[in-house]
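Q: File start-v2.cif follows (mmCIF, C-alpha atoms):
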```cif
data_query
loop_
_atom_site.label_atom_id
_atom_site.label_comp_id
_atom_site.auth_asym_id
_atom_site.auth_seq_id
_atom_site.Cartn_x
_atom_site.Cartn_y
_atom_site.Cartn_z
CA MET A 1 175.57 -21.33 -3.46
CA ASN A 2 178.39 -23.81 -2.98
CA GLN A 3 182.06 -23.03 -2.45
CA HIS A 4 182.88 -24.04 -6.03
CA THR A 5 180.48 -21.46 -7.38
CA ILE A 6 181.73 -18.81 -4.98
CA ASP A 7 185.32 -19.45 -6.09
CA LEU A 8 184.33 -19.24 -9.73
CA VAL A 9 182.43 -16.03 -9.16
CA ASN A 10 185.31 -14.54 -7.21
CA LYS A 11 187.71 -15.25 -10.07
CA GLN A 12 185.24 -14.03 -12.65
CA GLY A 13 184.56 -10.90 -10.65
CA LEU A 14 188.22 -9.96 -10.79
CA GLN A 15 188.38 -10.68 -14.51
CA PHE A 16 185.24 -8.65 -15.08
CA PHE A 17 186.58 -5.73 -13.07
CA GLY A 18 189.75 -5.82 -15.15
CA SER A 19 187.99 -6.01 -18.49
CA VAL A 20 185.66 -3.12 -17.65
CA ASN A 21 188.55 -0.98 -16.51
CA ALA A 22 190.38 -1.81 -19.72
CA SER A 23 187.42 -0.70 -21.84
CA ILE A 24 187.12 2.52 -19.83
CA SER A 25 190.81 3.20 -20.40
CA HIS A 26 190.23 2.68 -24.14
CA GLU A 27 187.55 5.35 -24.11
CA LEU A 28 189.87 7.69 -22.25
CA LYS A 29 192.56 7.03 -24.85
CA ASN A 30 190.17 8.19 -27.56
CA ILE A 31 189.39 11.34 -25.62
CA PHE A 32 193.04 12.09 -24.96
CA ALA A 33 193.83 11.44 -28.61
CA ILE A 34 191.41 14.19 -29.67
CA ILE A 35 192.71 16.59 -27.04
CA SER A 36 196.28 15.73 -28.02
CA GLU A 37 195.63 16.36 -31.72
CA THR A 38 193.78 19.59 -30.98
CA ALA A 39 196.57 20.83 -28.74
CA GLY A 40 199.07 19.82 -31.41
CA PHE A 41 197.09 21.72 -34.01
CA LEU A 42 197.07 24.83 -31.80
CA ASN A 43 200.82 24.46 -31.45
CA ASP A 44 201.14 24.17 -35.24
CA LEU A 45 199.10 27.36 -35.66
CA THR A 46 201.24 29.15 -33.07
CA GLN A 47 204.39 28.23 -34.96
CA LEU A 48 202.85 29.41 -38.24
CA SER A 49 201.75 32.64 -36.56
CA LYS A 50 205.34 33.25 -35.47
CA GLN A 51 206.27 32.96 -39.13
CA GLY A 52 203.73 35.67 -40.01
CA LYS A 53 200.65 33.65 -40.93
CA LYS A 54 197.45 35.21 -39.65
CA LEU A 55 195.67 33.36 -36.87
CA GLU A 56 191.93 32.98 -37.39
CA LEU A 57 190.04 33.57 -34.14
CA SER A 58 187.23 31.27 -35.24
CA VAL A 59 189.71 28.39 -35.57
CA LEU A 60 190.96 29.04 -32.05
CA GLU A 61 187.39 29.16 -30.77
CA ASN A 62 186.56 25.85 -32.46
CA CYS A 63 189.63 24.22 -30.92
CA SER A 64 188.79 25.58 -27.50
CA ASN A 65 185.20 24.29 -27.77
CA SER A 66 186.41 20.91 -28.95
CA ILE A 67 188.75 20.55 -25.99
CA SER A 68 185.96 21.58 -23.58
CA GLU A 69 183.61 19.01 -25.09
CA GLU A 70 186.18 16.25 -24.81
CA ILE A 71 186.96 17.17 -21.23
CA GLU A 72 183.23 16.91 -20.43
CA ARG A 73 183.16 13.53 -22.21
CA GLY A 74 186.12 12.50 -20.09
CA PHE A 75 184.37 13.57 -16.88
CA ASP A 76 181.30 11.60 -17.93
CA THR A 77 183.48 8.53 -18.49
CA ILE A 78 185.15 9.00 -15.11
CA ARG A 79 181.72 9.29 -13.48
CA GLN A 80 180.78 5.91 -14.98
CA MET A 81 184.08 4.45 -13.84
CA ASN A 82 183.41 5.78 -10.34
CA GLN A 83 179.86 4.42 -10.31
CA PHE A 84 181.14 1.03 -11.40
CA ALA A 85 183.92 1.06 -8.79
CA HIS A 86 181.36 1.72 -6.05
CA SER A 87 179.31 -1.30 -7.11
CA VAL A 88 181.53 -3.40 -4.83
CA ASP A 89 180.94 -1.22 -1.76
CA ASP A 90 178.02 -3.29 -0.50
CA PRO A 91 178.01 -7.08 -1.03
CA VAL A 92 174.20 -7.02 -1.24
CA LYS A 93 171.81 -4.11 -1.26
CA GLU A 94 168.70 -2.71 -2.90
CA THR A 95 169.90 -2.31 -6.47
CA SER A 96 168.19 -0.15 -9.06
CA ILE A 97 167.32 -1.92 -12.30
CA ALA A 98 167.35 1.34 -14.25
CA ASP A 99 170.76 2.40 -12.92
CA THR A 100 172.28 -1.04 -13.51
CA LEU A 101 171.03 -1.15 -17.09
CA ALA A 102 172.14 2.40 -17.85
CA LEU A 103 175.63 1.76 -16.54
CA ALA A 104 175.93 -1.59 -18.34
CA VAL A 105 174.91 0.01 -21.65
CA LYS A 106 177.45 2.80 -21.18
CA LEU A 107 180.25 0.44 -20.15
CA THR A 108 179.65 -2.03 -22.95
CA GLY A 109 179.42 0.89 -25.37
CA PHE A 110 183.17 1.29 -25.02
CA LEU A 111 183.80 -2.17 -26.50
CA SER A 112 185.00 -2.43 -30.08
CA TYR A 113 182.13 -4.74 -31.09
CA ALA A 114 179.35 -2.89 -29.28
CA GLY A 115 176.21 -2.12 -31.20
CA LYS A 116 173.51 0.34 -30.22
CA ALA A 117 171.23 -0.27 -27.29
CA HIS A 118 168.20 1.74 -26.28
CA ILE A 119 166.63 1.48 -22.83
CA GLN A 120 162.90 2.03 -22.76
CA ASP A 121 161.51 4.14 -19.95
CA GLY A 122 160.60 1.96 -17.01
CA PRO A 123 157.85 2.44 -14.45
CA ALA A 124 157.57 5.83 -12.77
CA ASN A 125 158.82 4.33 -9.50
CA ASP A 126 162.23 2.79 -9.84
CA ILE A 127 162.25 -0.98 -9.48
CA THR A 128 164.92 -2.45 -7.26
CA VAL A 129 166.11 -5.92 -6.40
CA PHE A 130 167.86 -6.94 -3.22
CA THR A 131 170.97 -8.58 -4.62
CA SER A 132 174.70 -8.22 -5.19
CA PRO A 133 175.03 -5.01 -7.24
CA PHE A 134 178.42 -6.05 -8.58
CA LEU A 135 177.34 -9.52 -9.69
CA PHE A 136 174.13 -8.16 -11.14
CA GLN A 137 176.14 -5.59 -13.09
CA THR A 138 178.42 -8.42 -14.23
CA LEU A 139 175.48 -10.48 -15.43
CA VAL A 140 173.82 -7.65 -17.37
CA TYR A 141 177.17 -6.66 -18.89
CA LYS A 142 177.93 -10.22 -19.99
CA THR A 143 174.43 -10.55 -21.44
CA LEU A 144 174.89 -7.37 -23.47
CA CYS A 145 178.31 -8.55 -24.67
CA ALA A 146 176.84 -11.86 -25.85
CA LEU A 147 174.00 -10.08 -27.63
CA TYR A 148 176.32 -7.59 -29.35
CA LYS A 149 178.47 -10.47 -30.57
CA ALA A 150 175.44 -12.37 -31.83
CA MET A 151 173.85 -9.37 -33.56
CA ASP A 152 174.97 -7.44 -36.59
CA ILE A 153 176.70 -4.26 -35.49
CA LYS A 154 174.06 -2.16 -37.29
CA ASP A 155 171.17 -3.81 -35.45
CA GLU A 156 169.73 -2.05 -32.45
CA LEU A 157 168.88 -3.60 -29.15
CA THR A 158 165.88 -2.43 -27.13
CA ILE A 159 165.88 -3.09 -23.40
CA ALA A 160 162.81 -3.00 -21.18
CA TYR A 161 162.00 -4.34 -17.75
CA ARG A 162 158.88 -5.29 -15.90
CA GLN A 163 157.73 -6.70 -12.60
CA ASP A 164 155.42 -9.59 -13.44
CA ASP A 165 154.83 -10.58 -9.86
CA PRO A 166 156.17 -9.52 -6.45
CA SER A 167 158.87 -12.18 -6.46
CA GLY A 168 160.81 -11.31 -9.60
CA ILE A 169 161.83 -8.75 -12.20
CA THR A 170 162.24 -9.54 -15.88
CA LEU A 171 164.65 -7.67 -18.14
CA VAL A 172 163.75 -7.99 -21.82
CA PHE A 173 166.46 -7.53 -24.46
CA SER A 174 164.65 -7.29 -27.82
CA TYR A 175 166.25 -7.52 -31.23
CA ASP A 176 165.01 -7.51 -34.82
CA ARG A 177 167.16 -10.37 -36.01
CA SER A 178 168.10 -13.16 -33.66
CA GLY A 179 171.76 -13.93 -33.71
CA ASP A 180 173.50 -17.11 -32.71
CA LEU A 181 172.72 -17.51 -29.02
CA LYS A 182 172.75 -21.31 -28.89
CA ASP A 183 175.81 -21.31 -26.62
CA PHE A 184 174.37 -18.67 -24.30
CA PRO A 185 174.75 -18.54 -21.41
CA ASP A 186 178.34 -19.70 -21.48
CA PRO A 187 179.49 -21.54 -18.35
CA LYS A 188 180.95 -18.44 -16.68
CA THR A 189 177.80 -16.38 -17.26
CA ALA A 190 175.71 -19.32 -16.09
CA ASP A 191 177.70 -19.42 -12.85
CA VAL A 192 176.98 -15.75 -12.17
CA ALA A 193 173.31 -16.28 -13.01
CA ASP A 194 173.25 -19.27 -10.67
CA ALA A 195 174.72 -17.20 -7.84
CA LEU A 196 172.02 -14.58 -8.37
CA LYS A 197 169.27 -17.21 -8.89
CA ALA A 198 168.62 -15.53 -12.22
CA THR A 199 167.28 -17.37 -15.25
CA PHE A 200 167.44 -16.78 -18.98
CA THR A 201 164.74 -17.41 -21.55
CA ILE A 202 165.72 -17.10 -25.19
CA LYS A 203 162.90 -16.33 -27.59
CA GLU A 204 162.90 -15.61 -31.32
CA SER A 205 162.95 -11.84 -30.92
CA ALA A 206 164.04 -11.37 -27.33
CA LEU A 207 166.23 -12.64 -24.55
CA GLU A 208 164.66 -12.41 -21.10
CA LEU A 209 166.57 -12.31 -17.86
CA THR A 210 164.55 -12.88 -14.72
CA ILE A 211 166.05 -12.07 -11.36
CA PRO A 212 164.39 -12.64 -7.97
CA ARG A 213 163.27 -9.61 -6.03
CA ASP A 214 165.13 -10.95 -2.98
CA ASN A 215 168.05 -13.32 -2.77
CA ASP A 216 168.17 -14.66 0.77
CA GLY A 217 170.67 -17.38 -0.13
CA LEU A 218 173.15 -14.85 -1.47
CA GLN A 219 172.71 -12.70 1.61
CA ALA A 220 173.24 -15.72 3.88
CA ALA A 221 176.36 -16.78 1.99
CA LEU A 222 177.78 -13.30 2.24
CA ALA A 223 176.90 -13.12 5.93
CA ASP A 224 179.07 -16.23 6.38
CA GLY A 225 181.98 -14.26 5.04
CA GLN A 226 181.91 -15.85 1.59
CA THR A 227 182.29 -12.60 -0.27
CA PRO A 228 181.50 -13.02 -3.96
CA MET B 1 191.34 8.87 -59.44
CA LYS B 2 192.94 11.20 -56.97
CA GLN B 3 196.21 10.13 -55.36
CA ILE B 4 196.47 10.82 -51.65
CA ASP B 5 198.97 10.00 -48.98
CA ILE B 6 196.77 8.78 -46.15
CA LEU B 7 193.21 7.49 -45.94
CA ILE B 8 191.85 7.80 -42.40
CA ILE B 9 188.85 5.62 -41.53
CA ASP B 10 187.70 6.62 -38.05
CA ASP B 11 184.30 7.45 -36.57
CA GLU B 12 185.91 9.83 -34.08
CA VAL B 13 185.22 12.74 -36.42
CA LYS B 14 187.15 15.31 -34.43
CA PHE B 15 190.19 13.06 -34.24
CA ALA B 16 190.14 12.27 -37.96
CA ASP B 17 189.61 15.90 -38.97
CA MET B 18 192.23 17.32 -36.63
CA LEU B 19 194.78 14.72 -37.70
CA SER B 20 194.02 15.49 -41.35
CA ARG B 21 194.51 19.21 -40.79
CA ARG B 22 197.79 18.70 -38.96
CA LEU B 23 199.09 16.38 -41.66
CA SER B 24 197.94 18.83 -44.35
CA LEU B 25 200.03 21.54 -42.71
CA ARG B 26 202.98 19.21 -43.29
CA GLY B 27 202.17 18.79 -46.96
CA ILE B 28 200.57 15.38 -46.52
CA THR B 29 197.29 14.83 -48.36
CA CYS B 30 194.56 13.01 -46.47
CA ARG B 31 191.04 11.80 -46.91
CA ALA B 32 188.85 11.05 -43.90
CA CYS B 33 185.95 8.56 -43.91
CA TYR B 34 183.84 8.28 -40.79
CA ASP B 35 182.48 4.76 -41.19
CA GLY B 36 183.58 1.46 -42.66
CA LEU B 37 181.34 1.36 -45.73
CA SER B 38 182.32 4.82 -46.97
CA GLY B 39 185.98 3.89 -46.48
CA ILE B 40 185.54 0.69 -48.49
CA GLN B 41 183.62 2.58 -51.15
CA TRP B 42 186.39 5.16 -51.48
CA ILE B 43 189.00 2.40 -51.90
CA LYS B 44 186.85 0.65 -54.52
CA GLU B 45 186.53 3.88 -56.48
CA ASN B 46 190.20 4.75 -56.03
CA PRO B 47 192.18 1.50 -55.99
CA GLY B 48 195.84 2.03 -55.27
CA ALA B 49 195.28 5.74 -54.64
CA ALA B 50 196.34 5.84 -50.99
CA VAL B 51 199.93 5.33 -49.87
CA LEU B 52 198.70 4.02 -46.53
CA ILE B 53 195.51 3.61 -44.55
CA LEU B 54 194.88 4.37 -40.89
CA LEU B 55 191.93 2.27 -39.76
CA ASP B 56 190.04 2.50 -36.49
CA LEU B 57 188.70 -0.69 -34.96
CA LYS B 58 185.43 0.61 -33.54
CA LEU B 59 183.18 1.82 -36.33
CA PRO B 60 179.41 2.35 -36.37
CA ASP B 61 178.54 0.11 -39.32
CA LEU B 62 181.15 -2.63 -39.58
CA TYR B 63 183.78 -4.15 -37.36
CA GLY B 64 187.25 -2.83 -38.10
CA THR B 65 188.33 -6.38 -38.88
CA GLN B 66 185.58 -6.64 -41.51
CA VAL B 67 186.73 -3.39 -43.10
CA LEU B 68 190.32 -4.61 -43.05
CA ALA B 69 189.35 -7.84 -44.80
CA HIS B 70 187.51 -5.87 -47.51
CA ILE B 71 190.46 -3.53 -47.99
CA LYS B 72 192.82 -6.44 -48.40
CA GLU B 73 190.52 -7.97 -51.01
CA ILE B 74 190.35 -4.75 -53.02
CA ASP B 75 193.89 -3.51 -52.60
CA PRO B 76 196.13 -6.18 -51.05
CA ALA B 77 199.30 -4.12 -51.35
CA VAL B 78 198.22 -1.04 -49.40
CA PRO B 79 199.73 -0.89 -45.91
CA VAL B 80 196.99 -0.70 -43.28
CA PHE B 81 197.75 0.47 -39.78
CA ILE B 82 195.15 -0.07 -37.08
CA ILE B 83 194.95 3.03 -34.94
CA THR B 84 192.51 2.67 -32.11
CA GLY B 85 191.69 3.50 -28.54
CA HIS B 86 189.90 0.20 -28.22
CA GLY B 87 191.01 -3.29 -28.88
CA THR B 88 192.23 -6.31 -27.03
CA ARG B 89 195.11 -8.65 -27.67
CA GLU B 90 192.65 -10.86 -29.55
CA ASP B 91 191.71 -7.88 -31.74
CA GLU B 92 195.39 -7.20 -32.37
CA LYS B 93 196.09 -10.78 -33.37
CA ALA B 94 193.04 -10.86 -35.65
CA CYS B 95 194.13 -7.65 -37.38
CA LEU B 96 197.72 -8.80 -37.86
CA ASP B 97 196.47 -12.15 -39.19
CA LEU B 98 194.32 -10.25 -41.69
CA GLY B 99 197.34 -8.35 -42.95
CA ALA B 100 197.53 -5.15 -40.89
CA VAL B 101 201.10 -3.89 -40.65
CA GLU B 102 200.86 -2.66 -37.06
CA PHE B 103 198.32 -2.24 -34.26
CA ILE B 104 198.77 1.21 -32.75
CA HIS B 105 197.01 2.47 -29.63
CA LYS B 106 195.81 6.06 -29.46
CA PRO B 107 197.01 8.63 -28.78
CA VAL B 108 199.71 8.56 -31.43
CA SER B 109 202.20 11.30 -32.22
CA ILE B 110 202.18 13.12 -35.53
CA GLU B 111 205.84 12.20 -35.88
CA LYS B 112 204.95 8.51 -35.69
CA ILE B 113 202.46 8.91 -38.53
CA THR B 114 204.83 10.87 -40.73
CA THR B 115 207.44 8.15 -40.12
CA LEU B 116 204.94 5.48 -41.15
CA LEU B 117 204.29 7.43 -44.33
CA THR B 118 207.98 7.79 -45.07
CA HIS B 119 208.47 4.04 -44.69
CA ALA B 120 205.37 3.29 -46.77
CA ARG B 121 206.59 5.55 -49.54
CA GLY B 122 209.89 3.70 -49.46
CA GLU B 123 208.09 0.36 -49.79
CA VAL B 124 206.09 1.70 -52.71
CA GLN B 125 209.22 2.81 -54.46
#
```
Can you give me the file's structure in the form of structure tokens?

A:
Amino acid sequence: MNQHTIDLVNKQGLQFFGSVNASISHELKNIFAIISETAGFLNDLTQLSKQGKKLELSVLENCSNSISEEIERGFDTIRQMNQFAHSVDDPVKETSIADTLALAVKLTGFLSYAGKAHIQDGPANDITVFTSPFLFQTLVYKTLCALYKAMDIKDELTIAYRQDDPSGITLVFSYDRSGDLKDFPDPKTADVADALKATFTIKESALELTIPRDNDGLQAALADGQTP
Amino acid sequence: MKQIDILIIDDEVKFADMLSRRLSLRGITCRACYDGLSGIQWIKENPGAAVLILLDLKLPDLYGTQVLAHIKEIDPAVPVFIITGHGTREDEKACLDLGAVEFIHKPVSIEKITTLLTHARGEVQ
């Protein structure tokens, strides 16, 4: 990995971190909007009650349940935000494929153009790769974004992964109708893939992402202080 | 054709319903649609029936910009306000280019919406 690539990845990493945080904040806005409207409605009912209108207990109960549900949704979103934030703790480490995919699907789900994605159950034993968890998350996220943009919003994406041989893992993003992926990967995504020694194969009904089980070059670069 | 004040197109069902109920308490008539196609269908069946439209950007069946384009084809005069938790500056520009009056980020106060309606009624008159 040359210095040019490292610089590009550094810049991209910051942009990626910002864009993910923005999408998380959008989700939180939606949650707060519901809580805000529900609280406002309770206030409206209180004012009406002061004017003599009877308060229905069932309405209060529904409002209370709605607020509780949204708070739980908010906690879930914060948990994802926290998990994502911790992806930069270790420059390289054993990184779970299942966890990376699950988080990428949740994070991209906050985007306005996100479609539906379903992750198929993987092997009983979790598969890991020794790589940069943050860059790997970046790559999967960017792949999902490209696929969502290429697909119709109603189409569903199915994601599976397999270990074909000891040296690499393949993530398979399957779709019913192939969208326009002729410009994929874009140069920025290609730079991240290059840093991770990952490769893309675009087929008629699937996009495959293969990542090496170990990335000694990345580890060596990071050991030299060239933090991605 | 039933005249209403505000058509809300938003897949956040709880948000749309709660906003409708709060506006109803203020004498404002609303209709909520929870996806893009049902919103477009309602407008087709009731052209010119809504004083204004509140449109979310993230919908399960169509992009908000696609819905906006359809609305503007069917009923070019109706003021459409994008009201969303999502959306980038690019989204905002695209919506304004397509004819949205304003791009509003959630949460939004009930007073803001009643003000929008007051202004829209003035434009209609």

Q: Would you mind listing, as a count of residues only, all residues of chain B that have at least one atom within 10 Å of chain A, where only C-alpha atoms are what counts?

A: 35

Q: Mind pulling up the distance from atom CA of A:Val92 to atom CA of A:Phe130?

A: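 Pair atom CA of A:Phe130 / atom CA of A:Val92 returns 6.6 Å.
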
Q: Given the file above and the PyMOL selection byres ((chain B and resi 67) around 9), which residues are selected, and can you give them as a PyMOL selection string?

A: chain B and resi 36-37+39-40+55+57+62-66+68-72

Q: What is the atom CA of A:Lys142 to atom CA of A:Ser167 distance in Å?

A: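 For atom CA of A:Lys142 relative to atom CA of A:Ser167, the distance reads 23.5 Å.
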
Q: How many Å lie between atom CA of B:Ala94 and atom CA of A:Thr143, rounded to one decimal?

A: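 Computed distance, atom CA of B:Ala94 to atom CA of A:Thr143, equals 23.4 Å.
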
Q: Please provide the set of residues having any atom within 9 Å of A:Ser205, restricted to all atoms listed in the file, with same-chain residues fewer than 2 positions apart removed, written as number ranges by chain.

A: A: 173-178, 202-203, 207

Q: Expand the PyMOL selection byres ((chain B and resi 2) around 9) into the individual residues it matches in the shown file, reporting them as a count of residues only.

A: 6

Q: So that I can see what lies close to stretch 73-80 of chain B, please list as an mmCIF file with C-alpha atoms, keeping the file's coordinate frame the residues with an atom at most 8 Å from it, counting all atoms listed in the file and leaving out residues fewer than 4 positions away in the same chain.

A:
```cif
data_model
loop_
_atom_site.group_PDB
_atom_site.id
_atom_site.type_symbol
_atom_site.label_atom_id
_atom_site.label_comp_id
_atom_site.auth_asym_id
_atom_site.auth_seq_id
_atom_site.Cartn_x
_atom_site.Cartn_y
_atom_site.Cartn_z
ATOM 1 C CA ILE B 43 189.000 2.400 -51.900
ATOM 2 C CA LYS B 44 186.850 0.650 -54.520
ATOM 3 C CA PRO B 47 192.180 1.500 -55.990
ATOM 4 C CA GLY B 48 195.840 2.030 -55.270
ATOM 5 C CA ALA B 50 196.340 5.840 -50.990
ATOM 6 C CA VAL B 51 199.930 5.330 -49.870
ATOM 7 C CA LEU B 52 198.700 4.020 -46.530
ATOM 8 C CA ILE B 53 195.510 3.610 -44.550
ATOM 9 C CA LEU B 54 194.880 4.370 -40.890
ATOM 10 C CA LEU B 55 191.930 2.270 -39.760
ATOM 11 C CA LEU B 68 190.320 -4.610 -43.050
ATOM 12 C CA ALA B 69 189.350 -7.840 -44.800
ATOM 13 C CA GLY B 99 197.340 -8.350 -42.950
ATOM 14 C CA ALA B 100 197.530 -5.150 -40.890
ATOM 15 C CA VAL B 101 201.100 -3.890 -40.650
ATOM 16 C CA GLU B 102 200.860 -2.660 -37.060
ATOM 17 C CA ALA B 120 205.370 3.290 -46.770
#
```

Q: Contacts of A:Val172 at 8 Å or less, counting only C-alpha atoms, minus same-chain residues fewer than 5 places along, as a ChimeraX atom specification?

A: /A:158-161,206-209

Q: If the PyMOL selection byres ((chain B and resi 33) around 7) were run on this exact file, what residues would it hold? Put them as a list in words.

A: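 Output of the PyMOL selection byres ((chain B and resi 33) around 7): Ile8, Ile9, Asp10, Arg31, Ala32, Tyr34, Asp35, Ser38 and Gly39 of chain B.
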